[in-house]
Every structure is written in C-alpha cells, then in structure tokens.
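Source file: query38.cif. Holds: mmCIF, C-alpha atoms.
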```
data_model
#
loop_
_atom_site.label_atom_id
_atom_site.label_comp_id
_atom_site.auth_asym_id
_atom_site.auth_seq_id
_atom_site.Cartn_x
_atom_site.Cartn_y
_atom_site.Cartn_z
CA MET O 1 37.00 12.67 -83.76
CA THR O 2 39.20 9.80 -84.95
CA LYS O 3 39.10 6.33 -83.39
CA ARG O 4 42.64 6.85 -82.09
CA THR O 5 41.52 10.02 -80.31
CA VAL O 6 38.40 8.34 -78.90
CA TYR O 7 40.37 5.49 -77.38
CA ASN O 8 43.20 7.70 -76.16
CA HIS O 9 40.57 9.64 -74.22
CA VAL O 10 38.71 6.62 -72.86
CA ALA O 11 41.78 4.46 -72.09
CA ARG O 12 42.14 5.60 -68.47
CA LEU O 13 38.54 4.59 -67.67
CA TYR O 14 38.09 1.77 -70.17
CA ASP O 15 38.57 -1.18 -67.83
CA LEU O 16 36.38 0.43 -65.17
CA LEU O 17 33.57 1.19 -67.62
CA ASP O 18 33.74 -2.32 -69.02
CA LEU O 19 34.08 -4.10 -65.67
CA PRO O 20 30.46 -5.34 -65.27
CA PHE O 21 30.45 -6.72 -68.81
CA GLU O 22 33.92 -8.22 -68.51
CA TYR O 23 33.08 -10.33 -65.47
CA GLY O 24 29.40 -10.82 -66.17
CA ARG O 25 29.68 -11.70 -69.85
CA TYR O 26 33.01 -11.54 -71.67
CA ARG O 27 35.49 -13.74 -69.83
CA PRO O 28 33.94 -17.11 -70.80
CA LEU O 29 33.74 -15.86 -74.39
CA ARG O 30 37.41 -14.91 -74.41
CA ARG O 31 38.29 -18.36 -73.08
CA ALA O 32 36.26 -19.95 -75.87
CA ILE O 33 37.73 -17.93 -78.72
CA TRP O 34 41.32 -18.54 -77.55
CA ARG O 35 40.85 -22.29 -77.09
CA ASP O 36 43.11 -24.73 -78.98
CA ILE O 37 45.38 -22.13 -80.56
CA GLU O 38 48.95 -22.91 -81.58
CA GLY O 39 51.71 -21.21 -83.53
CA ARG O 40 52.37 -17.57 -84.22
CA VAL O 41 49.36 -15.57 -83.05
CA LEU O 42 48.06 -12.02 -83.52
CA ASP O 43 45.66 -10.26 -81.16
CA ALA O 44 44.24 -7.63 -83.53
CA GLY O 45 42.88 -4.73 -81.49
CA VAL O 46 44.52 -5.78 -78.22
CA GLY O 47 43.11 -2.77 -76.33
CA THR O 48 44.06 -2.86 -72.66
CA GLY O 49 45.02 -6.53 -72.88
CA ARG O 50 41.86 -8.14 -71.55
CA ASN O 51 42.54 -11.26 -73.66
CA MET O 52 45.95 -11.87 -72.10
CA PRO O 53 44.89 -14.28 -69.33
CA PHE O 54 43.55 -16.56 -72.05
CA TYR O 55 46.54 -16.53 -74.41
CA PRO O 56 47.86 -20.00 -75.30
CA VAL O 57 50.62 -20.99 -72.90
CA GLY O 58 54.05 -21.13 -74.51
CA GLU O 59 53.03 -19.56 -77.82
CA LYS O 60 54.33 -16.28 -79.23
CA VAL O 61 51.56 -13.65 -79.28
CA THR O 62 51.71 -10.21 -80.89
CA GLY O 63 49.17 -7.53 -80.00
CA ILE O 64 48.43 -4.45 -82.09
CA ASP O 65 46.26 -1.43 -81.42
CA LEU O 66 45.75 2.00 -82.95
CA SER O 67 45.73 3.77 -79.58
CA PRO O 68 49.04 4.35 -77.74
CA ALA O 69 47.16 5.04 -74.51
CA MET O 70 45.43 1.65 -74.69
CA LEU O 71 48.77 -0.01 -75.41
CA VAL O 72 50.27 1.53 -72.27
CA ARG O 73 47.55 -0.24 -70.26
CA ALA O 74 48.12 -3.46 -72.18
CA GLY O 75 51.83 -3.26 -71.46
CA ALA O 76 51.17 -2.83 -67.76
CA ARG O 77 48.86 -5.86 -67.78
CA ARG O 78 51.45 -7.93 -69.65
CA ASP O 79 54.07 -7.04 -67.03
CA ARG O 80 51.74 -7.85 -64.13
CA LEU O 81 50.95 -11.23 -65.66
CA LYS O 82 54.66 -11.82 -66.43
CA MET O 83 53.93 -12.63 -70.05
CA GLY O 84 57.35 -12.25 -71.60
CA LYS O 85 56.36 -13.71 -74.98
CA VAL O 86 53.84 -10.96 -75.75
CA ASP O 87 54.95 -8.15 -78.11
CA LEU O 88 52.85 -5.00 -78.43
CA HIS O 89 52.86 -2.58 -81.36
CA GLU O 90 51.01 0.60 -82.28
CA MET O 91 49.58 -0.32 -85.65
CA ASP O 92 46.49 0.18 -87.83
CA VAL O 93 44.75 -3.09 -88.68
CA LEU O 94 44.05 -1.64 -92.14
CA GLU O 95 47.75 -1.33 -92.91
CA THR O 96 50.05 -3.46 -90.78
CA THR O 97 53.77 -3.85 -91.34
CA PHE O 98 53.81 -7.64 -91.05
CA PRO O 99 54.95 -9.75 -94.01
CA ASP O 100 52.53 -11.82 -96.06
CA ALA O 101 51.36 -15.14 -94.58
CA HIS O 102 52.93 -14.38 -91.19
CA PHE O 103 50.43 -15.64 -88.59
CA ASP O 104 48.95 -19.07 -87.92
CA VAL O 105 45.97 -17.64 -86.04
CA ILE O 106 44.54 -14.12 -85.82
CA VAL O 107 42.06 -13.28 -83.08
CA SER O 108 39.97 -10.12 -82.91
CA THR O 109 37.58 -9.46 -80.03
CA PHE O 110 35.13 -6.63 -80.61
CA LEU O 111 37.48 -4.74 -82.95
CA PHE O 112 35.13 -4.99 -85.93
CA CYS O 113 32.31 -3.48 -83.86
CA VAL O 114 34.43 -0.32 -83.81
CA LEU O 115 35.41 -0.25 -87.48
CA ASP O 116 33.05 1.75 -89.69
CA ASP O 117 31.27 -0.16 -92.42
CA SER O 118 33.54 1.44 -95.02
CA LEU O 119 36.60 -0.08 -93.28
CA GLN O 120 35.34 -3.64 -92.75
CA LEU O 121 36.44 -5.00 -96.13
CA GLY O 122 39.88 -3.39 -95.97
CA ALA O 123 40.51 -4.77 -92.49
CA LEU O 124 39.53 -8.29 -93.54
CA GLN O 125 41.70 -8.06 -96.65
CA GLU O 126 44.68 -7.06 -94.52
CA LEU O 127 44.09 -9.90 -92.05
CA ASN O 128 43.83 -12.26 -95.01
CA ARG O 129 47.17 -10.99 -96.34
CA ILE O 130 49.05 -11.61 -93.09
CA CYS O 131 47.34 -14.94 -92.32
CA LYS O 132 49.01 -18.14 -93.49
CA PRO O 133 47.16 -19.98 -96.29
CA ASP O 134 46.28 -22.76 -93.84
CA GLY O 135 45.71 -20.33 -90.97
CA GLU O 136 42.58 -19.14 -89.24
CA ILE O 137 40.94 -15.83 -88.30
CA ARG O 138 38.58 -15.71 -85.31
CA ILE O 139 36.36 -12.69 -84.73
CA LEU O 140 34.13 -11.95 -81.75
CA GLU O 141 31.49 -9.29 -82.30
CA TYR O 142 28.01 -8.12 -81.37
CA ALA O 143 24.78 -8.52 -83.31
CA TYR O 144 21.33 -7.13 -82.66
CA SER O 145 19.07 -9.65 -80.95
CA ASN O 146 16.10 -11.07 -82.83
CA ARG O 147 14.04 -10.90 -79.63
CA PRO O 148 12.00 -7.66 -79.67
CA PHE O 149 12.53 -6.62 -76.04
CA LYS O 150 16.26 -7.38 -76.07
CA ARG O 151 16.62 -5.55 -79.38
CA PHE O 152 14.78 -2.56 -77.89
CA ILE O 153 17.16 -2.45 -74.91
CA MET O 154 20.18 -2.66 -77.22
CA ALA O 155 18.78 0.18 -79.31
CA LEU O 156 18.54 2.29 -76.15
CA TRP O 157 22.18 1.56 -75.36
CA ALA O 158 23.38 2.13 -78.93
CA PRO O 159 23.85 5.95 -78.82
CA TRP O 160 25.96 5.73 -75.65
CA VAL O 161 28.07 2.88 -77.08
CA LYS O 162 28.59 4.91 -80.24
CA PHE O 163 29.54 8.03 -78.28
CA MET O 164 31.94 6.31 -75.85
CA TYR O 165 33.55 3.73 -78.10
CA GLY O 166 32.61 4.59 -81.67
CA ALA O 167 31.08 1.10 -81.85
CA THR O 168 27.81 -0.35 -83.10
CA PHE O 169 25.99 -3.65 -82.59
CA ASN O 170 25.26 -4.49 -86.22
CA ARG O 171 28.42 -4.53 -88.33
CA GLN O 172 27.70 -7.98 -89.84
CA THR O 173 31.35 -8.45 -90.72
CA GLU O 174 30.70 -11.83 -92.32
CA GLN O 175 29.06 -10.15 -95.32
CA TYR O 176 32.49 -8.91 -96.44
CA ALA O 177 34.30 -12.23 -96.09
CA ASP O 178 33.91 -13.51 -99.65
CA GLU O 179 35.08 -10.27 -101.27
CA ALA O 180 38.04 -10.20 -98.88
CA GLY O 181 39.15 -13.61 -100.12
CA LEU O 182 38.03 -15.44 -97.00
CA GLU O 183 35.75 -18.41 -96.41
CA LEU O 184 33.35 -18.30 -93.47
CA VAL O 185 33.70 -21.76 -91.95
CA GLU O 186 31.82 -21.19 -88.71
CA GLU O 187 29.35 -18.69 -87.27
CA GLN O 188 28.33 -19.44 -83.70
CA PHE O 189 26.59 -17.41 -81.02
CA LEU O 190 28.51 -17.66 -77.75
CA TYR O 191 26.27 -15.42 -75.65
CA GLN O 192 22.50 -15.53 -76.20
CA ASP O 193 21.84 -14.26 -79.74
CA ILE O 194 23.90 -11.08 -79.39
CA ILE O 195 27.60 -12.06 -79.34
CA LYS O 196 28.90 -14.34 -82.05
CA MET O 197 32.17 -15.88 -83.10
CA LEU O 198 33.13 -15.93 -86.76
CA VAL O 199 35.81 -18.35 -87.92
CA LEU O 200 37.29 -17.58 -91.33
CA LYS O 201 40.02 -19.15 -93.45
CA PRO O 202 41.83 -17.81 -96.51
CA LYS O 203 40.56 -19.14 -99.80
CA SER O 204 43.06 -20.96 -102.02
CA ARG O 205 45.57 -18.48 -103.37
#
```
Can you give me the file's structure in the form of structure tokens?
Amino acid sequence: MTKRTVYNHVARLYDLLDLPFEYGRYRPLRRAIWRDIEGRVLDAGVGTGRNMPFYPVGEKVTGIDLSPAMLVRAGARRDRLKMGKVDLHEMDVLETTFPDAHFDVIVSTFLFCVLDDSLQLGALQELNRICKPDGEIRILEYAYSNRPFKRFIMALWAPWVKFMYGATFNRQTEQYADEAGLELVEEQFLYQDIIKMLVLKPKSR
C-alpha cells in the first residue's frame, strides 16, 4: 500500500487518533519550530494543517502533501482559521514543482518519520534545491529513547504506528544531511529524548 493510499484512508480519523498526542505533547513543539520565521515559507507534509495556528503572522505560507484527502482537511482548517495567505498543493516532497532557491524557510513536522530510509536522501536533496542559499530547513521527528523502559514502550507501539501511518521512530534523518548538500547547524531535543528538531542550511553552492 502506498503512502498516499495509507493517508487517504486514515485522513477522516487522523485528527481524532492524534488528539491525545496533539494536546498532550505536540502543540508546544509546533510553537517552538515555527518561532521567528520570516519570508516565503513551505510547510512540507502539511497533513491536516495542525501547524496552521502557529504560522508566522503576515507571512506567505505554502503547504504541500501527497494525500488529497489530508489536503481537504487542511483546507477546511485554513478556512476556519481565516488564513487567506496559505496556499495548499498536492505534491510529492521528492519531486516538487517549485523553482530553485524559492523558499526562505522550510518546515517539516514528522514527515521524515513517514519517509522510508531509501527516500530520505532524495527528500533532503529536493528541499535543498528549493531552499534559498541563505535559507533554513527545520525538521521535527521522533527518535528512540536511550532510557530502557521508554525505549521498550516505544518498541511496543512501533508496529501499530507502522501499520496506521507507515511511520517509524528511528529514521535518523540527520545522517543524510551532508550527502544532500546540507549542513546540520542544530540538533535539539524538544520533548524528553524522543522528539528532536533538526536545523539545516544549504552548503555553499
């Protein structure tokens, strides 16, 4: 089953399934990753639009997602929030239609958890292509805890997360940064030792 099919199926229930995590864990992290952003912005893997309340006021934001069903939900959220400066597009992060050096900041929350290991490098290379030379890419993703009990609990959850979302906890996206032409300038855990923010910048071109 393709990722588009998975998320088309789960879209109707996605916000409900994610509700305890959204309000118990994710919202402060979204606020942190969207802080101090200016310019032309991309939300890569916009999903149902959970990031929208934290978008920078007055800035132009574009959201892309592979799943049309998720984008329908994102569009409804955009309209409810009266966010007229948000454009949504059905698009694969591996092959966008944006011109080179188009965005000042690219934000991705939990998208790379969903991308298979074989797709990580290609996705980073594409984000590098569409990011301005002096721009920034911010990624929020999971990691397995180093604490044995917490790691055990995450391992118990892992099959369900894989089945429902096609996601895993241990992508380690930063390992592909150098080959993708990106410099890892910051790696910071925002929630315990299981959710981290990566900040990357294009190397000199």
Top pick for closest residue to Arg40 of chain O, considering O:Pro56, O:Pro148, O:Pro133, O:Gly166 and counting all atoms listed in the file
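That would be O:Pro56, the residue with the smallest distance to Arg40 of chain O.
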Find the residues near Leu119 of chain O: any atom within 12 Å, counting only C-alpha atoms, skip ones fewer than 3 places away on the same chain, and give them as a ChimeraX atom specification.
/O:92-95,111-116,122-126,171,173,176,180
Give as a count of residues only the residues that the PyMOL selection byres ((chain O and resi 185-190) around 10) matches when applied to the coordinates above.
29
Adding 4 Å on each side of the box along x, y and z that holds all listed atoms of segment 90-102 of chain O, could you give its centre and edge lengths in Å to one decimal, as JSON?
```
{"center_x": 49.5, "center_y": -7.3, "center_z": -89.2, "size_x": 18.9, "size_y": 23.7, "size_z": 21.8}
```
O:Phe163, O:Gln120, O:Ala158, O:Leu66 ranked by distance to Glu179 of chain O, top pick (using only C-alpha atoms):
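Closest candidate: O:Gln120.
With only the atoms specified (only C-alpha atoms) counting, those residues at most 12 Å away from (33.4, -5.6, -69.5) are Leu13, Tyr14, Asp15, Leu16, Leu17, Asp18, Leu19, Pro20, Phe21, Glu22, Tyr23, Gly24, Arg25, Tyr26, Arg27, Pro28, Leu29, Arg30, Thr48, Arg50, Asn51, Thr109 and Phe110 of chain O.
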For Met52 of chain O, list every protein, DNA or RNA residue within 9 Å, evaluated using all atoms listed in the file, and leave out those in the same chain fewer than 4 positions away; present the list as a short mmCIF file (atom, residue, chain, number, x, y, z; two decimals) with C-alpha atoms, in the frame of the given file.
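This is the output file out-v8.cif:
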```
data_model
loop_
_atom_site.label_atom_id
_atom_site.label_comp_id
_atom_site.auth_asym_id
_atom_site.auth_seq_id
_atom_site.Cartn_x
_atom_site.Cartn_y
_atom_site.Cartn_z
CA VAL O 46 44.52 -5.78 -78.22
CA PRO O 56 47.86 -20.00 -75.30
CA ALA O 74 48.12 -3.46 -72.18
CA ARG O 77 48.86 -5.86 -67.78
CA ARG O 78 51.45 -7.93 -69.65
CA LEU O 81 50.95 -11.23 -65.66
CA MET O 83 53.93 -12.63 -70.05
CA VAL O 86 53.84 -10.96 -75.75
#
```
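We find atom CA of Arg12 of chain O and atom CA of Asp65 of chain O to be spaced 15.3 Å apart.
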Neighbouring residues of Val57 of chain O were defined as those with any atom within 12 Å, considering all atoms listed in the file; residues of the same chain fewer than 2 positions away were excluded. Please report them as JSON, numbers by chain.
{"O": [34, 35, 36, 37, 38, 39, 40, 41, 52, 53, 54, 55, 59, 60, 61, 82, 83, 84, 85, 86]}
For the atom pair atom CA of Asp87 of chain O and atom CA of Gly63 of chain O, what is the interatomic distance in Å to one decimal place?
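These atoms are spaced 6.1 Å apart.
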For atom CA of Lys203 of chain O and atom CA of Lys132 of chain O, the interatomic separation in Å (one decimal):
10.6 Å
Please check which residues have atoms at most 12 Å from (21.4, -2.8, -78.2) in the file's coordinates, counting only C-alpha atoms, and write them as a PyMOL selection string.
chain O and resi 142-162+167-170+193-195
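Counting all atoms listed in the file, the residue from O:Asp117, O:Ser67, O:Ile106, O:Asn8 that sits nearest to Ile130 of chain O is O:Ile106.
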Expansion of the PyMOL selection byres ((chain O and resi 100) around 7) into residues, as a PyMOL selection string:
chain O and resi 98-99+101-102+129-130
Based on the selection just made, write C-alpha atoms of those residues as an mmCIF file, in the frame of the given file.
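Final file, out.cif:
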```
data_model
loop_
_atom_site.group_PDB
_atom_site.id
_atom_site.type_symbol
_atom_site.label_atom_id
_atom_site.label_comp_id
_atom_site.auth_asym_id
_atom_site.auth_seq_id
_atom_site.Cartn_x
_atom_site.Cartn_y
_atom_site.Cartn_z
ATOM 1 C CA PHE O 98 53.810 -7.640 -91.050
ATOM 2 C CA PRO O 99 54.950 -9.750 -94.010
ATOM 3 C CA ALA O 101 51.360 -15.140 -94.580
ATOM 4 C CA HIS O 102 52.930 -14.380 -91.190
ATOM 5 C CA ARG O 129 47.170 -10.990 -96.340
ATOM 6 C CA ILE O 130 49.050 -11.610 -93.090
#
```
